[in-house]
Every structure is written in C-alpha cells, then in structure tokens.
Amino acid sequence: MKETQAPVDAPDQTAEHNEAELRREVLRDPAVRALVFSRMATALGLATLSYGAMVYLATVGASQITISVMGATRYLAALLFGIGGGALAEAMSKRTAMVTAYALQAAACFIIPTIWGTSVSSLVVLVFTVAMLGQIATPALKSATALVSTSAMVAVVAAIVTVANGIGAALGSAFLAPILINVSTMRVLIYVAGVVLLLGAVRALKLPPEENTASLRQASREIAWRETVPTLRRTADWLLANRKVGAMILVGSMVLALFDGLNTLMPVYVRDVLNSNPTNTVFILAPGGIGFIVGTSLGPWLMDRKGERALGVSALMILSLGFALFGLIDLVWPILAPISPLRLLNLVGFDLSPQIQAAGLISILTALGSTGAAAAVQTYINRYVLLARQPATFGMQEVLDNAITLTAVIVFGAVATALGPRIVFVLAPPVLVVVVVWLIRVCFRVTDQDPPEARAILRVLLDRAPVVPPPPAIGDRS
C-alpha cells in the first residue's frame, strides 16, 4: 500500500496537541490541584496582609520611607532565615513543612493583633513572624512541584503554580486588601488573611506523603544553625560552586526586586504622582491579571523552544520597560490611556483619570515580566537540580532574592522620599543591574579570586542563549 506523506506542519500540530493533552492531564491530578490551590490561597493571604499594611499606612499619611521600612521587614526576615528555612524543609517531608508553616502563619494572624493590637510595632512583628515562617513553606512548596510531576511535566506544573501564586498575590494586593481597608478595620483584614492561610494549610494536607516525616521540632534539632546564618563568604562560595544556577537565580532576583519595589512605591505613587486616593491602586494593579495569564500561557512554550534563560532575561527587559513607562507617565498617558482596558469601566460609572487608565495598561507589562521570570527560575531548578537538593537550593534563592529586594526597597524608598517616586521608576532598572554586578565582583574578592570585568558579568547575566547543564539523574525523581 502506498504511504501518504504527512503534511510539513504535522510535527508542529502534533506537538501542540500533545502539549494541550499534557496540560489537561496535569490538571486532572489531585496532587497538582492541591498544590495549586494551596499556593493560590497562601499567596492571597500573604499579599492581603503585607499590601494591606502598606495601603493602610499610605491612607493615614505615612511617608514613603516608613512604608518601605514596613515592606522591607519581610525581606529582612527572609534574608536571615532563608538558608535555615530551606534546611528545615529539606529535613522534613514537603507536606509536613507546608502544613506546619501555613498553620503557624495563620495562628500568628489571630494571636498577635488580638494581644498587641494593630500599632505600627505590632504590624512589624506580625509581618516579620509570617515572613520567617514563609522560609520553611516556600522551599517546600517549590520542591513539591517536582514531587507531584514528572520531568516532562515539570515546566507545565511550575507555570501553573506560578500563575496561581500571581493570581493570589494580585487578588490580595489589588482587590482584597484595598476593599477591606475601605470597609473594615486593619484587625479584620489581618483575621481574614489568617483564615485564608488556614485554608492553604488544609489544602496542603492533600499532597502525597514522603518517607521523611520528621516534625518541625525534630528537624530543628538536626540543623546546624550556625551554618545557616547567611554571610557574604558562604553566599559567595555557593555562587561560585553553582555558577549556572546562580546566574539564573540572580536574573530572577532582579525581577523580583523590581516588582516588589514597585508594590511598595505604588500607594505613594498613586497619592503623590497621580493625585488620587491610595486605595485606587486596585484599578491600576487589576489589569495585571492579563499579564499573569499571558505569562503563564507563553512561559512553557518559550522555555521549550528558547530555554529558561531566554524567558528570564526577556522578563527582566519587559519589567524594566514597564518601570520606565510608570516614571514617564506624564508623557505616555495620551498614547496609552485610549487603549487601556480600564476605559471599559467608564461604561459602568467609574470616572477614572487618563493617568490611572494608562498606569493600568502598564501594569500588564510588569505582571507579565514578573510571571515569566518566576516560572523560568523554578522550572530551571526543578529540571536540573536533584530533588534531594532542591529545598536547599530554593533556600539560597530566598537569600539572594531577599538580599537584593531588601536593598532595592530601602534604596527606592529613600530616593522616593527625597526626590519623589517618579524618578525612582525611571532609574531603578539600570541602577539595580549595576548593584548586582558590583555584588558579584565583591563575592569574587571575598573568595580571593580576581573579579571579572563588569562587561563579562553582564554578558553572563543577560545572555539569552540556552544554558545546557548536565541532565538530572532519572532515579532521583519520583
């Protein structure tokens, strides 16, 4: 019988069909659904708590530096306990680590405001405590992505989990926090955040068990805590021993620092630059959901074709563009406002200024960049780092993320207080890249190695070519 030649585009059609079927198969898995819901719930609770505190301070007239210090509290906690939290998550089962941390976070949301109220000092203690416990939950959750998926599915699962995190964070910062600030009190907002975190803990119970089921108390006794204190020498040694993974994490850290820095600047930006009520950040951040959806849809496709590195660098460029547009809002709003999705709200009675409409369109770019980088870094680690070492790697990622973000938030806040938030948006991306390059050179000096030139470091960080690390051992994944 004569064979019929397949059309030229049949392989692409087959690949697209297989990718769609893979997504459906992933979403049918109860363990994946439990992980996704837990991630979304906890992101919603944490964003409601942290962003609610910043919006609350902005509405009562606090300065940008005060709000930035409040925002920086959680990054300081994460920096101090990032390695220790990763070590605890490594010693415990992923499910036990997540459930324990989320339950303790929820308890803190009920206990601290009930006993000490909602003063600034009480809010600082609460944010610090919740962020400290998050250093156990976050590495465990990211490692659980590889636990509930195969190597072929890990990119899809990581992307879905990332968008769940993004949606939860967006709902918390753009909707739930501003609404609760308007209609209730700060104490009620904290209690609501505690209930949501508790739901995340309950959902995490549906994750598959592991052989290692040590409790938090047992795991804490096994940790050499002195070795978990982050120092420049230990961080430098790790980066030099894991250069490919470290470069990938640093790109993601820069994106995270810019995005979280944006969130700390936004309430005062809306108040002082856009001359509007800080609670109107709900309208600016809400369109970011479009960026999260697009980033989730395109992320696996781009990673499969161009690699995680290309996605991470592209995300950094997109986010930098969004930052610049925020700073140049007076110049770009006549162009962006007419095509903003927020114009649709005028049909239902919302009279938003064209500047807010333009800023809402720009938030799509910033959300797109944030989602792409987070998915790229997590997929890279899930694919190429042994499962047993992933919690410690994610713990080091937390240290790098929070060290860079802490620096960015404090510097952005100080500059915005002195010169206004507009100039920060324009200068932040290039300044942050310069700071990261300088930190890398310092790391080389600490290890008694000759530091490379700044141009060489930039080539490594911003190289879009795919990195080909050694393949993972098949037996190391379940």
# chains A, B, ... in the order shown; residues from 1 in each chain; ligands from 1

call {"tool": "residues_around", "arguments": {"residues": "A:Met40", "least_positions_apart": "4", "cutoff": "12 Å", "atoms": "only C-alpha atoms", "output": "PDB file with N, CA and C atoms, in the first residue's frame"}}
result
ATOM      1  N   ARG A  33      -3.635  19.686  41.781  1.00  0.00           N
ATOM      2  CA  ARG A  33      -4.697  20.624  42.148  1.00  0.00           C
ATOM      3  C   ARG A  33      -4.540  21.087  43.597  1.00  0.00           C
ATOM      4  N   ALA A  34      -4.147  20.167  44.482  1.00  0.00           N
ATOM      5  CA  ALA A  34      -3.935  20.556  45.878  1.00  0.00           C
ATOM      6  C   ALA A  34      -2.800  21.561  45.997  1.00  0.00           C
ATOM      7  N   LEU A  35      -1.715  21.330  45.255  1.00  0.00           N
ATOM      8  CA  LEU A  35      -0.573  22.235  45.294  1.00  0.00           C
ATOM      9  C   LEU A  35      -0.955  23.610  44.757  1.00  0.00           C
ATOM     10  N   VAL A  36      -1.697  23.636  43.653  1.00  0.00           N
ATOM     11  CA  VAL A  36      -2.097  24.902  43.029  1.00  0.00           C
ATOM     12  C   VAL A  36      -3.010  25.695  43.961  1.00  0.00           C
ATOM     13  N   LEU A  44      -2.641  34.681  48.374  1.00  0.00           N
ATOM     14  CA  LEU A  44      -3.718  35.626  48.632  1.00  0.00           C
ATOM     15  C   LEU A  44      -3.655  36.161  50.060  1.00  0.00           C
ATOM     16  N   GLY A  45      -3.454  35.256  51.030  1.00  0.00           N
ATOM     17  CA  GLY A  45      -3.389  35.686  52.423  1.00  0.00           C
ATOM     18  C   GLY A  45      -2.190  36.571  52.707  1.00  0.00           C
ATOM     19  N   LEU A  46      -1.028  36.191  52.201  1.00  0.00           N
ATOM     20  CA  LEU A  46       0.180  36.973  52.472  1.00  0.00           C
ATOM     21  C   LEU A  46       0.130  38.336  51.789  1.00  0.00           C
ATOM     22  N   ALA A  47      -0.373  38.382  50.536  1.00  0.00           N
ATOM     23  CA  ALA A  47      -0.467  39.659  49.836  1.00  0.00           C
ATOM     24  C   ALA A  47      -1.475  40.581  50.520  1.00  0.00           C
ATOM     25  N   LEU A 141       7.276  24.115  49.090  1.00  0.00           N
ATOM     26  CA  LEU A 141       6.283  24.176  48.030  1.00  0.00           C
ATOM     27  C   LEU A 141       6.929  24.084  46.653  1.00  0.00           C
ATOM     28  N   ILE A 160       1.870  26.581  36.031  1.00  0.00           N
ATOM     29  CA  ILE A 160       0.542  26.663  36.641  1.00  0.00           C
ATOM     30  C   ILE A 160       0.640  27.132  38.092  1.00  0.00           C
ATOM     31  N   VAL A 161       1.606  26.592  38.818  1.00  0.00           N
ATOM     32  CA  VAL A 161       1.790  27.004  40.210  1.00  0.00           C
ATOM     33  C   VAL A 161       2.186  28.480  40.278  1.00  0.00           C
ATOM     34  N   THR A 162       3.028  28.917  39.343  1.00  0.00           N
ATOM     35  CA  THR A 162       3.461  30.306  39.334  1.00  0.00           C
ATOM     36  C   THR A 162       2.290  31.245  39.079  1.00  0.00           C
ATOM     37  N   VAL A 163       1.442  30.891  38.111  1.00  0.00           N
ATOM     38  CA  VAL A 163       0.301  31.770  37.836  1.00  0.00           C
ATOM     39  C   VAL A 163      -0.689  31.733  38.999  1.00  0.00           C
ATOM     40  N   ALA A 164      -0.806  30.598  39.686  1.00  0.00           N
ATOM     41  CA  ALA A 164      -1.663  30.549  40.873  1.00  0.00           C
ATOM     42  C   ALA A 164      -1.144  31.507  41.936  1.00  0.00           C
ATOM     43  N   ASN A 165       0.172  31.524  42.101  1.00  0.00           N
ATOM     44  CA  ASN A 165       0.779  32.474  43.030  1.00  0.00           C
ATOM     45  C   ASN A 165       0.509  33.909  42.591  1.00  0.00           C
ATOM     46  N   GLY A 166       0.671  34.171  41.293  1.00  0.00           N
ATOM     47  CA  GLY A 166       0.445  35.510  40.780  1.00  0.00           C
ATOM     48  C   GLY A 166      -0.992  35.964  40.925  1.00  0.00           C
ATOM     49  N   ILE A 167      -1.919  35.060  40.641  1.00  0.00           N
ATOM     50  CA  ILE A 167      -3.331  35.409  40.773  1.00  0.00           C
ATOM     51  C   ILE A 167      -3.676  35.684  42.236  1.00  0.00           C
ATOM     52  N   GLY A 168      -3.193  34.821  43.128  1.00  0.00           N
ATOM     53  CA  GLY A 168      -3.450  35.044  44.545  1.00  0.00           C
ATOM     54  C   GLY A 168      -2.875  36.354  45.033  1.00  0.00           C
ATOM     55  N   ALA A 169      -1.626  36.646  44.640  1.00  0.00           N
ATOM     56  CA  ALA A 169      -0.998  37.900  45.051  1.00  0.00           C
ATOM     57  C   ALA A 169      -1.722  39.104  44.461  1.00  0.00           C
ATOM     58  N   ALA A 170      -2.132  38.987  43.197  1.00  0.00           N
ATOM     59  CA  ALA A 170      -2.845  40.093  42.558  1.00  0.00           C
ATOM     60  C   ALA A 170      -4.198  40.343  43.219  1.00  0.00           C
ATOM     61  N   LEU A 171      -4.918  39.271  43.517  1.00  0.00           N
ATOM     62  CA  LEU A 171      -6.213  39.430  44.178  1.00  0.00           C
ATOM     63  C   LEU A 171      -6.059  40.046  45.567  1.00  0.00           C
ATOM     64  N   GLY A 172      -4.990  39.634  46.269  1.00  0.00           N
ATOM     65  CA  GLY A 172      -4.780  40.175  47.606  1.00  0.00           C
ATOM     66  C   GLY A 172      -4.405  41.637  47.597  1.00  0.00           C
ATOM     67  N   VAL A 196      -7.545  32.744  55.323  1.00  0.00           N
ATOM     68  CA  VAL A 196      -7.106  32.302  54.002  1.00  0.00           C
ATOM     69  C   VAL A 196      -5.859  31.425  54.114  1.00  0.00           C
ATOM     70  N   LEU A 197      -4.921  31.806  54.968  1.00  0.00           N
ATOM     71  CA  LEU A 197      -3.725  30.985  55.174  1.00  0.00           C
ATOM     72  C   LEU A 197      -4.083  29.617  55.747  1.00  0.00           C
ATOM     73  N   LEU A 199      -6.823  27.986  55.179  1.00  0.00           N
ATOM     74  CA  LEU A 199      -7.356  27.199  54.057  1.00  0.00           C
ATOM     75  C   LEU A 199      -6.223  26.601  53.227  1.00  0.00           C
ATOM     76  N   GLY A 200      -5.141  27.375  53.038  1.00  0.00           N
ATOM     77  CA  GLY A 200      -3.984  26.845  52.314  1.00  0.00           C
ATOM     78  C   GLY A 200      -3.351  25.681  53.031  1.00  0.00           C
ATOM     79  N   ALA A 201      -3.303  25.740  54.371  1.00  0.00           N
ATOM     80  CA  ALA A 201      -2.735  24.637  55.149  1.00  0.00           C
ATOM     81  C   ALA A 201      -3.594  23.388  55.024  1.00  0.00           C
ATOM     82  N   ARG A 203      -5.568  22.587  52.553  1.00  0.00           N
ATOM     83  CA  ARG A 203      -5.444  22.038  51.202  1.00  0.00           C
ATOM     84  C   ARG A 203      -4.112  21.312  51.016  1.00  0.00           C
ATOM     85  N   ALA A 204      -3.054  21.797  51.661  1.00  0.00           N
ATOM     86  CA  ALA A 204      -1.746  21.149  51.532  1.00  0.00           C
ATOM     87  C   ALA A 204      -1.744  19.741  52.118  1.00  0.00           C
TER      88      ALA A 204
END

call {"tool": "atom_distance", "arguments": {"atom1": "atom CA of A:Val192", "atom2": "atom CA of A:Leu126"}}
result
14.1 Å

call {"tool": "select_by_dssp", "arguments": {"residues": "stretch 227-363 of chain A", "states": "alpha helix (DSSP H)", "output": "JSON, numbers by chain"}}
result
{"A": [227, 228, 232, 233, 234, 235, 236, 237, 238, 239, 240, 241, 243, 244, 245, 246, 247, 248, 249, 250, 251, 252, 253, 254, 255, 256, 257, 258, 259, 260, 261, 262, 263, 264, 265, 266, 267, 268, 281, 282, 283, 284, 285, 288, 289, 290, 291, 292, 293, 294, 295, 296, 297, 298, 299, 300, 301, 302, 303, 304, 305, 306, 308, 309, 310, 311, 312, 313, 314, 315, 316, 317, 318, 319, 320, 321, 322, 323, 324, 325, 326, 327, 329, 330, 331, 332, 333, 334, 335, 336, 354, 355, 356, 357, 358, 359, 360, 361, 362, 363]}

call {"tool": "atom_distance", "arguments": {"atom1": "atom CA of A:Ala310", "atom2": "atom CA of A:Thr145"}}
result
21.6 Å

call {"tool": "closest_residue", "arguments": {"among": "A:Leu57, A:Leu316, A:Asn242, A:Arg422", "to": "A:Ile381", "atoms": "only C-alpha atoms"}}
result
A:Asn242

call {"tool": "closest_residue", "arguments": {"among": "A:Val437, A:Ala108, A:Met153, A:Val130", "to": "A:Ala456", "atoms": "only C-alpha atoms"}}
result
A:Val437

call {"tool": "atom_distance", "arguments": {"atom1": "atom CA of A:Arg271", "atom2": "atom CA of A:Ala77"}}
result
28.5 Å

call {"tool": "residues_around", "arguments": {"residues": "A:Leu239", "least_positions_apart": "4", "cutoff": "10 Å", "atoms": "only C-alpha atoms", "output": "ChimeraX atom specification"}}
result
/A:233-235,243-247,249-250,396,400,440,443-444

call {"tool": "write_last_selection", "arguments": {"atoms": "C-alpha atoms", "output": "PDB file, in the first residue's frame"}}
result
ATOM      1  CA  ARG A 233      31.572  34.344  52.264  1.00  0.00           C
ATOM      2  CA  ARG A 234      29.063  31.454  52.334  1.00  0.00           C
ATOM      3  CA  THR A 235      26.912  33.089  49.659  1.00  0.00           C
ATOM      4  CA  ARG A 243      27.544  29.403  38.677  1.00  0.00           C
ATOM      5  CA  LYS A 244      24.918  28.375  36.130  1.00  0.00           C
ATOM      6  CA  VAL A 245      22.143  28.004  38.685  1.00  0.00           C
ATOM      7  CA  GLY A 246      23.368  31.111  40.496  1.00  0.00           C
ATOM      8  CA  ALA A 247      23.266  33.242  37.336  1.00  0.00           C
ATOM      9  CA  ILE A 249      18.626  32.850  40.200  1.00  0.00           C
ATOM     10  CA  LEU A 250      20.222  36.313  40.107  1.00  0.00           C
ATOM     11  CA  MET A 396      19.642  30.005  48.802  1.00  0.00           C
ATOM     12  CA  LEU A 400      19.555  36.079  47.159  1.00  0.00           C
ATOM     13  CA  ILE A 440      29.157  39.728  42.193  1.00  0.00           C
ATOM     14  CA  CYS A 443      31.863  37.954  46.015  1.00  0.00           C
ATOM     15  CA  PHE A 444      34.949  37.198  43.951  1.00  0.00           C
TER      16      PHE A 444
END

call {"tool": "residues_around", "arguments": {"residues": "A:Leu302", "least_positions_apart": "3", "cutoff": "12 Å", "atoms": "only C-alpha atoms", "output": "PyMOL selection string"}}
result
chain A and resi 155-156+159+294-299+305-315+372-373+375-376+464+466

call {"tool": "write_last_selection", "arguments": {"atoms": "N, CA and C atoms", "output": "mmCIF file, in the first residue's frame"}}
result
data_model
loop_
_atom_site.group_PDB
_atom_site.id
_atom_site.type_symbol
_atom_site.label_atom_id
_atom_site.label_comp_id
_atom_site.auth_asym_id
_atom_site.auth_seq_id
_atom_site.Cartn_x
_atom_site.Cartn_y
_atom_site.Cartn_z
ATOM 1 N N ALA A 155 7.733 21.694 33.697
ATOM 2 C CA ALA A 155 7.591 23.072 33.220
ATOM 3 C C ALA A 155 6.138 23.510 33.263
ATOM 4 N N VAL A 156 5.234 22.611 32.860
ATOM 5 C CA VAL A 156 3.814 22.945 32.864
ATOM 6 C C VAL A 156 3.318 23.148 34.292
ATOM 7 N N ALA A 159 4.651 26.359 35.757
ATOM 8 C CA ALA A 159 3.957 27.525 35.210
ATOM 9 C C ALA A 159 2.586 27.694 35.847
ATOM 10 N N VAL A 294 -1.170 35.821 30.324
ATOM 11 C CA VAL A 294 -0.320 35.737 29.125
ATOM 12 C C VAL A 294 1.024 35.103 29.466
ATOM 13 N N GLY A 295 1.596 35.506 30.605
ATOM 14 C CA GLY A 295 2.875 34.934 31.007
ATOM 15 C C GLY A 295 2.799 33.445 31.243
ATOM 16 N N THR A 296 1.703 32.996 31.828
ATOM 17 C CA THR A 296 1.530 31.570 32.064
ATOM 18 C C THR A 296 1.353 30.800 30.766
ATOM 19 N N SER A 297 0.639 31.397 29.822
ATOM 20 C CA SER A 297 0.392 30.720 28.550
ATOM 21 C C SER A 297 1.647 30.629 27.703
ATOM 22 N N LEU A 298 2.420 31.708 27.679
ATOM 23 C CA LEU A 298 3.600 31.742 26.815
ATOM 24 C C LEU A 298 4.842 31.164 27.475
ATOM 25 N N GLY A 299 4.864 31.102 28.816
ATOM 26 C CA GLY A 299 6.065 30.657 29.511
ATOM 27 C C GLY A 299 6.542 29.272 29.116
ATOM 28 N N ARG A 305 11.199 26.145 23.638
ATOM 29 C CA ARG A 305 11.828 26.494 22.362
ATOM 30 C C ARG A 305 13.108 27.299 22.510
ATOM 31 N N LYS A 306 13.162 28.171 23.520
ATOM 32 C CA LYS A 306 14.325 29.039 23.677
ATOM 33 C C LYS A 306 15.101 28.787 24.964
ATOM 34 N N GLY A 307 14.494 28.102 25.926
ATOM 35 C CA GLY A 307 15.169 27.837 27.186
ATOM 36 C C GLY A 307 14.737 28.780 28.294
ATOM 37 N N GLU A 308 15.006 28.358 29.536
ATOM 38 C CA GLU A 308 14.620 29.157 30.689
ATOM 39 C C GLU A 308 15.368 30.480 30.743
ATOM 40 N N ARG A 309 16.628 30.473 30.309
ATOM 41 C CA ARG A 309 17.430 31.696 30.360
ATOM 42 C C ARG A 309 16.811 32.790 29.490
ATOM 43 N N ALA A 310 16.366 32.441 28.278
ATOM 44 C CA ALA A 310 15.765 33.431 27.385
ATOM 45 C C ALA A 310 14.515 34.035 28.000
ATOM 46 N N LEU A 311 13.705 33.204 28.656
ATOM 47 C CA LEU A 311 12.495 33.708 29.283
ATOM 48 C C LEU A 311 12.829 34.639 30.448
ATOM 49 N N GLY A 312 13.809 34.259 31.270
ATOM 50 C CA GLY A 312 14.174 35.089 32.404
ATOM 51 C C GLY A 312 14.690 36.460 31.987
ATOM 52 N N VAL A 313 15.574 36.501 30.996
ATOM 53 C CA VAL A 313 16.123 37.779 30.534
ATOM 54 C C VAL A 313 15.044 38.621 29.853
ATOM 55 N N SER A 314 14.188 37.972 29.061
ATOM 56 C CA SER A 314 13.095 38.706 28.418
ATOM 57 C C SER A 314 12.175 39.322 29.464
ATOM 58 N N ALA A 315 11.912 38.573 30.540
ATOM 59 C CA ALA A 315 11.060 39.095 31.607
ATOM 60 C C ALA A 315 11.687 40.324 32.251
ATOM 61 N N GLY A 372 6.878 35.656 34.117
ATOM 62 C CA GLY A 372 7.820 34.924 33.273
ATOM 63 C C GLY A 372 9.088 34.545 33.999
ATOM 64 N N ALA A 373 9.647 35.469 34.778
ATOM 65 C CA ALA A 373 10.895 35.191 35.482
ATOM 66 C C ALA A 373 10.711 34.140 36.564
ATOM 67 N N ALA A 375 8.520 31.723 36.738
ATOM 68 C CA ALA A 375 8.352 30.402 36.131
ATOM 69 C C ALA A 375 9.675 29.870 35.593
ATOM 70 N N ALA A 376 10.485 30.752 35.010
ATOM 71 C CA ALA A 376 11.749 30.312 34.418
ATOM 72 C C ALA A 376 12.709 29.787 35.479
ATOM 73 N N ARG A 464 20.922 35.484 26.454
ATOM 74 C CA ARG A 464 19.647 34.823 26.187
ATOM 75 C C ARG A 464 19.827 33.417 25.626
ATOM 76 N N PRO A 466 20.374 29.512 25.408
ATOM 77 C CA PRO A 466 20.017 28.471 26.371
ATOM 78 C C PRO A 466 21.245 27.881 27.033
#

call {"tool": "residues_around", "arguments": {"residues": "A:Val273", "least_positions_apart": "4", "cutoff": "10 Å", "atoms": "only C-alpha atoms", "output": "PDB file with all heavy atoms, in the first residue's frame"}}
result
ATOM      1  N   MET A 266       3.902  51.936  44.937  1.00  0.00           N
ATOM      2  CA  MET A 266       2.651  52.248  44.263  1.00  0.00           C
ATOM      3  C   MET A 266       1.660  53.071  45.098  1.00  0.00           C
ATOM      4  O   MET A 266       1.054  54.012  44.570  1.00  0.00           O
ATOM      5  CB  MET A 266       2.004  50.959  43.777  1.00  0.00           C
ATOM      6  CG  MET A 266       0.826  51.172  42.831  1.00  0.00           C
ATOM      7  SD  MET A 266       1.232  52.193  41.383  1.00  0.00           S
ATOM      8  CE  MET A 266       2.401  51.137  40.532  1.00  0.00           C
ATOM      9  N   PRO A 267       1.438  52.773  46.409  1.00  0.00           N
ATOM     10  CA  PRO A 267       0.473  53.603  47.142  1.00  0.00           C
ATOM     11  C   PRO A 267       0.833  55.086  47.159  1.00  0.00           C
ATOM     12  O   PRO A 267      -0.037  55.948  46.949  1.00  0.00           O
ATOM     13  CB  PRO A 267       0.499  52.996  48.556  1.00  0.00           C
ATOM     14  CG  PRO A 267       0.919  51.580  48.348  1.00  0.00           C
ATOM     15  CD  PRO A 267       1.912  51.640  47.230  1.00  0.00           C
ATOM     16  N   VAL A 268       2.098  55.409  47.409  1.00  0.00           N
ATOM     17  CA  VAL A 268       2.517  56.815  47.420  1.00  0.00           C
ATOM     18  C   VAL A 268       2.568  57.367  46.000  1.00  0.00           C
ATOM     19  O   VAL A 268       2.272  58.553  45.765  1.00  0.00           O
ATOM     20  CB  VAL A 268       3.874  56.965  48.123  1.00  0.00           C
ATOM     21  CG1 VAL A 268       4.408  58.396  48.000  1.00  0.00           C
ATOM     22  CG2 VAL A 268       3.748  56.583  49.589  1.00  0.00           C
ATOM     23  N   TYR A 269       2.918  56.559  45.022  1.00  0.00           N
ATOM     24  CA  TYR A 269       2.895  56.979  43.611  1.00  0.00           C
ATOM     25  C   TYR A 269       1.492  57.414  43.204  1.00  0.00           C
ATOM     26  O   TYR A 269       1.299  58.458  42.565  1.00  0.00           O
ATOM     27  CB  TYR A 269       3.381  55.816  42.745  1.00  0.00           C
ATOM     28  CG  TYR A 269       3.284  56.049  41.248  1.00  0.00           C
ATOM     29  CD1 TYR A 269       4.274  56.751  40.571  1.00  0.00           C
ATOM     30  CD2 TYR A 269       2.223  55.531  40.517  1.00  0.00           C
ATOM     31  CE1 TYR A 269       4.205  56.945  39.196  1.00  0.00           C
ATOM     32  CE2 TYR A 269       2.139  55.715  39.147  1.00  0.00           C
ATOM     33  CZ  TYR A 269       3.127  56.421  38.486  1.00  0.00           C
ATOM     34  OH  TYR A 269       3.045  56.621  37.132  1.00  0.00           O
ATOM     35  N   PHE A 326       6.063  53.898  33.837  1.00  0.00           N
ATOM     36  CA  PHE A 326       5.480  54.483  35.041  1.00  0.00           C
ATOM     37  C   PHE A 326       6.130  55.834  35.360  1.00  0.00           C
ATOM     38  O   PHE A 326       5.459  56.797  35.738  1.00  0.00           O
ATOM     39  CB  PHE A 326       5.641  53.546  36.234  1.00  0.00           C
ATOM     40  CG  PHE A 326       4.560  52.512  36.366  1.00  0.00           C
ATOM     41  CD1 PHE A 326       4.873  51.158  36.445  1.00  0.00           C
ATOM     42  CD2 PHE A 326       3.226  52.875  36.414  1.00  0.00           C
ATOM     43  CE1 PHE A 326       3.883  50.200  36.572  1.00  0.00           C
ATOM     44  CE2 PHE A 326       2.224  51.926  36.546  1.00  0.00           C
ATOM     45  CZ  PHE A 326       2.553  50.586  36.623  1.00  0.00           C
ATOM     46  N   GLY A 327       7.438  55.893  35.228  1.00  0.00           N
ATOM     47  CA  GLY A 327       8.134  57.141  35.525  1.00  0.00           C
ATOM     48  C   GLY A 327       7.837  58.242  34.529  1.00  0.00           C
ATOM     49  O   GLY A 327       7.873  59.432  34.873  1.00  0.00           O
ATOM     50  N   ILE A 329       4.954  58.746  32.996  1.00  0.00           N
ATOM     51  CA  ILE A 329       3.506  58.686  32.821  1.00  0.00           C
ATOM     52  C   ILE A 329       2.951  59.973  32.222  1.00  0.00           C
ATOM     53  O   ILE A 329       1.996  59.928  31.420  1.00  0.00           O
ATOM     54  CB  ILE A 329       2.822  58.380  34.179  1.00  0.00           C
ATOM     55  CG1 ILE A 329       1.344  58.060  33.992  1.00  0.00           C
ATOM     56  CG2 ILE A 329       3.033  59.524  35.154  1.00  0.00           C
ATOM     57  CD1 ILE A 329       1.080  56.765  33.309  1.00  0.00           C
ATOM     58  N   ASP A 330       3.528  61.128  32.538  1.00  0.00           N
ATOM     59  CA  ASP A 330       3.014  62.386  32.005  1.00  0.00           C
ATOM     60  C   ASP A 330       3.212  62.491  30.496  1.00  0.00           C
ATOM     61  O   ASP A 330       2.457  63.204  29.812  1.00  0.00           O
ATOM     62  CB  ASP A 330       3.699  63.573  32.692  1.00  0.00           C
ATOM     63  CG  ASP A 330       3.239  63.740  34.136  1.00  0.00           C
ATOM     64  OD1 ASP A 330       2.180  63.193  34.477  1.00  0.00           O
ATOM     65  OD2 ASP A 330       3.955  64.393  34.920  1.00  0.00           O
ATOM     66  N   GLN A 355      -4.552  59.242  33.475  1.00  0.00           N
ATOM     67  CA  GLN A 355      -3.274  58.766  34.016  1.00  0.00           C
ATOM     68  C   GLN A 355      -3.439  57.398  34.681  1.00  0.00           C
ATOM     69  O   GLN A 355      -2.587  56.515  34.520  1.00  0.00           O
ATOM     70  CB  GLN A 355      -2.716  59.782  35.020  1.00  0.00           C
ATOM     71  CG  GLN A 355      -2.219  61.068  34.399  1.00  0.00           C
ATOM     72  CD  GLN A 355      -3.329  62.082  34.183  1.00  0.00           C
ATOM     73  OE1 GLN A 355      -4.502  61.783  34.417  1.00  0.00           O
ATOM     74  NE2 GLN A 355      -2.968  63.278  33.735  1.00  0.00           N
ATOM     75  N   GLY A 420      11.030  61.984  45.152  1.00  0.00           N
ATOM     76  CA  GLY A 420       9.734  61.633  44.588  1.00  0.00           C
ATOM     77  C   GLY A 420       9.794  60.281  43.881  1.00  0.00           C
ATOM     78  O   GLY A 420      10.850  59.883  43.363  1.00  0.00           O
ATOM     79  N   PRO A 421       8.665  59.556  43.830  1.00  0.00           N
ATOM     80  CA  PRO A 421       8.674  58.205  43.241  1.00  0.00           C
ATOM     81  C   PRO A 421       8.883  58.195  41.735  1.00  0.00           C
ATOM     82  O   PRO A 421       9.321  57.186  41.177  1.00  0.00           O
ATOM     83  CB  PRO A 421       7.289  57.653  43.610  1.00  0.00           C
ATOM     84  CG  PRO A 421       6.440  58.854  43.859  1.00  0.00           C
ATOM     85  CD  PRO A 421       7.355  59.899  44.402  1.00  0.00           C
ATOM     86  N   ARG A 422       8.588  59.310  41.052  1.00  0.00           N
ATOM     87  CA  ARG A 422       8.698  59.312  39.594  1.00  0.00           C
ATOM     88  C   ARG A 422      10.120  59.002  39.133  1.00  0.00           C
ATOM     89  O   ARG A 422      10.344  58.183  38.233  1.00  0.00           O
ATOM     90  CB  ARG A 422       8.260  60.670  39.062  1.00  0.00           C
ATOM     91  CG  ARG A 422       8.015  60.707  37.562  1.00  0.00           C
ATOM     92  CD  ARG A 422       7.905  62.156  37.079  1.00  0.00           C
ATOM     93  NE  ARG A 422       6.965  62.911  37.886  1.00  0.00           N
ATOM     94  CZ  ARG A 422       5.680  63.046  37.608  1.00  0.00           C
ATOM     95  NH1 ARG A 422       5.193  62.454  36.537  1.00  0.00           N
ATOM     96  NH2 ARG A 422       4.892  63.774  38.387  1.00  0.00           N
TER      97      ARG A 422
END

call {"tool": "closest_residue", "arguments": {"among": "A:Arg28, A:Arg383, A:Arg187, A:Lys206", "to": "A:Ile111", "atoms": "only C-alpha atoms"}}
result
A:Arg187
